[in-house]
Amino acid sequence: MYKKILAFLLTFSAIFTMNVPAFAMETERLDVLKANSGYQVMWTNTDIVTVSLNFSGNRASCTAEIYAKSGTNKISATLLLMQVTSNGTKTVKSWTKSVSGSSLYFDEAYYVTSGNTYILEVDASVYRNGTVEYVSLSDRDSC
């Protein structure tokens, strides 16, 4: 009797698990996540990274901020303004900064050719407690 009940329960559970739909969410690249998207990157040395590209006419306003955790002794970063071309991207301007502290800020401007799409990317190295963490984020806009 015990074997019949066990066989019935296994058959019953197998029938109901065969038709369970599976759902998957489309993955997004971390460097193009939108603000308030619900995604959150967890870093070891870094608290916040922001990057913003805005245009006023053909003047590109390029800002980036990096805030690191307490105990950070150095942040080195490069801000790249890249034009999207039919062959990929080409860098039109870059800025580099290094600070001995826990925050770094870029506020730069550059005149570009209108009618194109541009990407602003910040790549940084954050040094804390003998370790280095590499962070990167980008923003994309058209002029």
# chains A, B, ... in the order shown; residues from 1 in each chain; ligands from 1
$ residues_around --residues "Tyr67 in chain A" --least-positions-apart "5" --cutoff "7 Å" --atoms "only C-alpha atoms" --output "list in words"
Thr46, Asp47, Ile48, Val49, Ser102, Ser103 and Leu104 of chain A
$ closest_atom_pairs --of "range 105-124 of chain A" --to "range 132-139 of chain A" --cutoff "10 Å" --atoms "only C-alpha atoms" --output "CSV"
residue,atom,partner,partner_atom,distance
A:Tyr118,CA,A:Asp139,CA,8.4
A:Ile119,CA,A:Asp139,CA,5.7
A:Leu120,CA,A:Asp139,CA,5.2
A:Glu121,CA,A:Ser138,CA,4.1
A:Val122,CA,A:Ser136,CA,5.5
A:Asp123,CA,A:Ser136,CA,4.4
A:Ala124,CA,A:Val135,CA,5.3
$ closest_residue --among "A:Met1, A:Gly130, A:Thr117, A:Ala7" --to "Val84 in chain A" --atoms "only C-alpha atoms"
A:Thr117
$ atom_distance --atom1 "CA of Ser142 in chain A" --atom2 "CA of Ile66 in chain A"
24.1 Å
$ residues_around --residues "range 92-99 of chain A" --least-positions-apart "6" --cutoff "6 Å" --atoms "only C-alpha atoms" --output "NGL selection string"
:A and (74-82)
$ write_last_selection --atoms "all heavy atoms" --output "JSON list (two decimals), in the first residue's frame"
[["chain", "number", "residue", "atom", "x", "y", "z"],
["A", 74, "LYS", "N", 43.21, 56.86, -2.84],
["A", 74, "LYS", "CA", 43.50, 57.41, -4.16],
["A", 74, "LYS", "C", 42.40, 57.00, -5.14],
["A", 74, "LYS", "O", 41.90, 55.88, -5.10],
["A", 74, "LYS", "CB", 44.85, 56.89, -4.66],
["A", 74, "LYS", "CG", 45.25, 57.40, -6.03],
["A", 74, "LYS", "CD", 46.58, 56.80, -6.45],
["A", 74, "LYS", "CE", 46.96, 57.25, -7.84],
["A", 74, "LYS", "NZ", 48.19, 56.62, -8.31],
["A", 75, "ILE", "N", 42.05, 57.95, -6.02],
["A", 75, "ILE", "CA", 41.16, 57.68, -7.15],
["A", 75, "ILE", "C", 41.81, 58.26, -8.39],
["A", 75, "ILE", "O", 42.19, 59.43, -8.40],
["A", 75, "ILE", "CB", 39.76, 58.31, -6.96],
["A", 75, "ILE", "CG1", 39.09, 57.83, -5.69],
["A", 75, "ILE", "CG2", 38.88, 58.00, -8.17],
["A", 75, "ILE", "CD1", 37.79, 58.56, -5.36],
["A", 76, "SER", "N", 41.96, 57.44, -9.41],
["A", 76, "SER", "CA", 42.46, 57.89, -10.71],
["A", 76, "SER", "C", 41.38, 57.60, -11.74],
["A", 76, "SER", "O", 40.81, 56.50, -11.75],
["A", 76, "SER", "CB", 43.73, 57.14, -11.11],
["A", 76, "SER", "OG", 44.75, 57.41, -10.21],
["A", 77, "ALA", "N", 41.09, 58.58, -12.60],
["A", 77, "ALA", "CA", 40.00, 58.38, -13.56],
["A", 77, "ALA", "C", 40.30, 59.07, -14.88],
["A", 77, "ALA", "O", 41.02, 60.06, -14.93],
["A", 77, "ALA", "CB", 38.69, 58.90, -12.99],
["A", 78, "THR", "N", 39.72, 58.51, -15.92],
["A", 78, "THR", "CA", 39.77, 59.09, -17.26],
["A", 78, "THR", "C", 38.34, 59.26, -17.75],
["A", 78, "THR", "O", 37.53, 58.33, -17.65],
["A", 78, "THR", "CB", 40.55, 58.19, -18.23],
["A", 78, "THR", "OG1", 41.88, 58.03, -17.72],
["A", 78, "THR", "CG2", 40.61, 58.80, -19.62],
["A", 79, "LEU", "N", 38.05, 60.44, -18.27],
["A", 79, "LEU", "CA", 36.75, 60.73, -18.85],
["A", 79, "LEU", "C", 36.93, 60.81, -20.36],
["A", 79, "LEU", "O", 37.77, 61.57, -20.85],
["A", 79, "LEU", "CB", 36.22, 62.06, -18.30],
["A", 79, "LEU", "CG", 34.79, 62.45, -18.63],
["A", 79, "LEU", "CD1", 33.81, 61.46, -18.02],
["A", 79, "LEU", "CD2", 34.50, 63.86, -18.16],
["A", 80, "LEU", "N", 36.18, 60.00, -21.09],
["A", 80, "LEU", "CA", 36.31, 59.91, -22.54],
["A", 80, "LEU", "C", 35.04, 60.38, -23.21],
["A", 80, "LEU", "O", 33.95, 59.90, -22.88],
["A", 80, "LEU", "CB", 36.58, 58.47, -22.97],
["A", 80, "LEU", "CG", 37.82, 57.79, -22.43],
["A", 80, "LEU", "CD1", 37.79, 56.31, -22.73],
["A", 80, "LEU", "CD2", 39.06, 58.44, -23.03],
["A", 81, "LEU", "N", 35.17, 61.30, -24.16],
["A", 81, "LEU", "CA", 34.06, 61.71, -25.01],
["A", 81, "LEU", "C", 34.29, 61.06, -26.37],
["A", 81, "LEU", "O", 35.29, 61.34, -27.03],
["A", 81, "LEU", "CB", 33.98, 63.23, -25.14],
["A", 81, "LEU", "CG", 32.85, 63.77, -26.02],
["A", 81, "LEU", "CD1", 31.47, 63.37, -25.46],
["A", 81, "LEU", "CD2", 32.95, 65.28, -26.15],
["A", 82, "MET", "N", 33.36, 60.17, -26.75],
["A", 82, "MET", "CA", 33.54, 59.40, -27.98],
["A", 82, "MET", "C", 32.38, 59.66, -28.94],
["A", 82, "MET", "O", 31.23, 59.76, -28.51],
["A", 82, "MET", "CB", 33.62, 57.91, -27.67],
["A", 82, "MET", "CG", 34.78, 57.55, -26.78],
["A", 82, "MET", "SD", 34.79, 55.82, -26.28],
["A", 82, "MET", "CE", 33.49, 55.82, -25.05]]
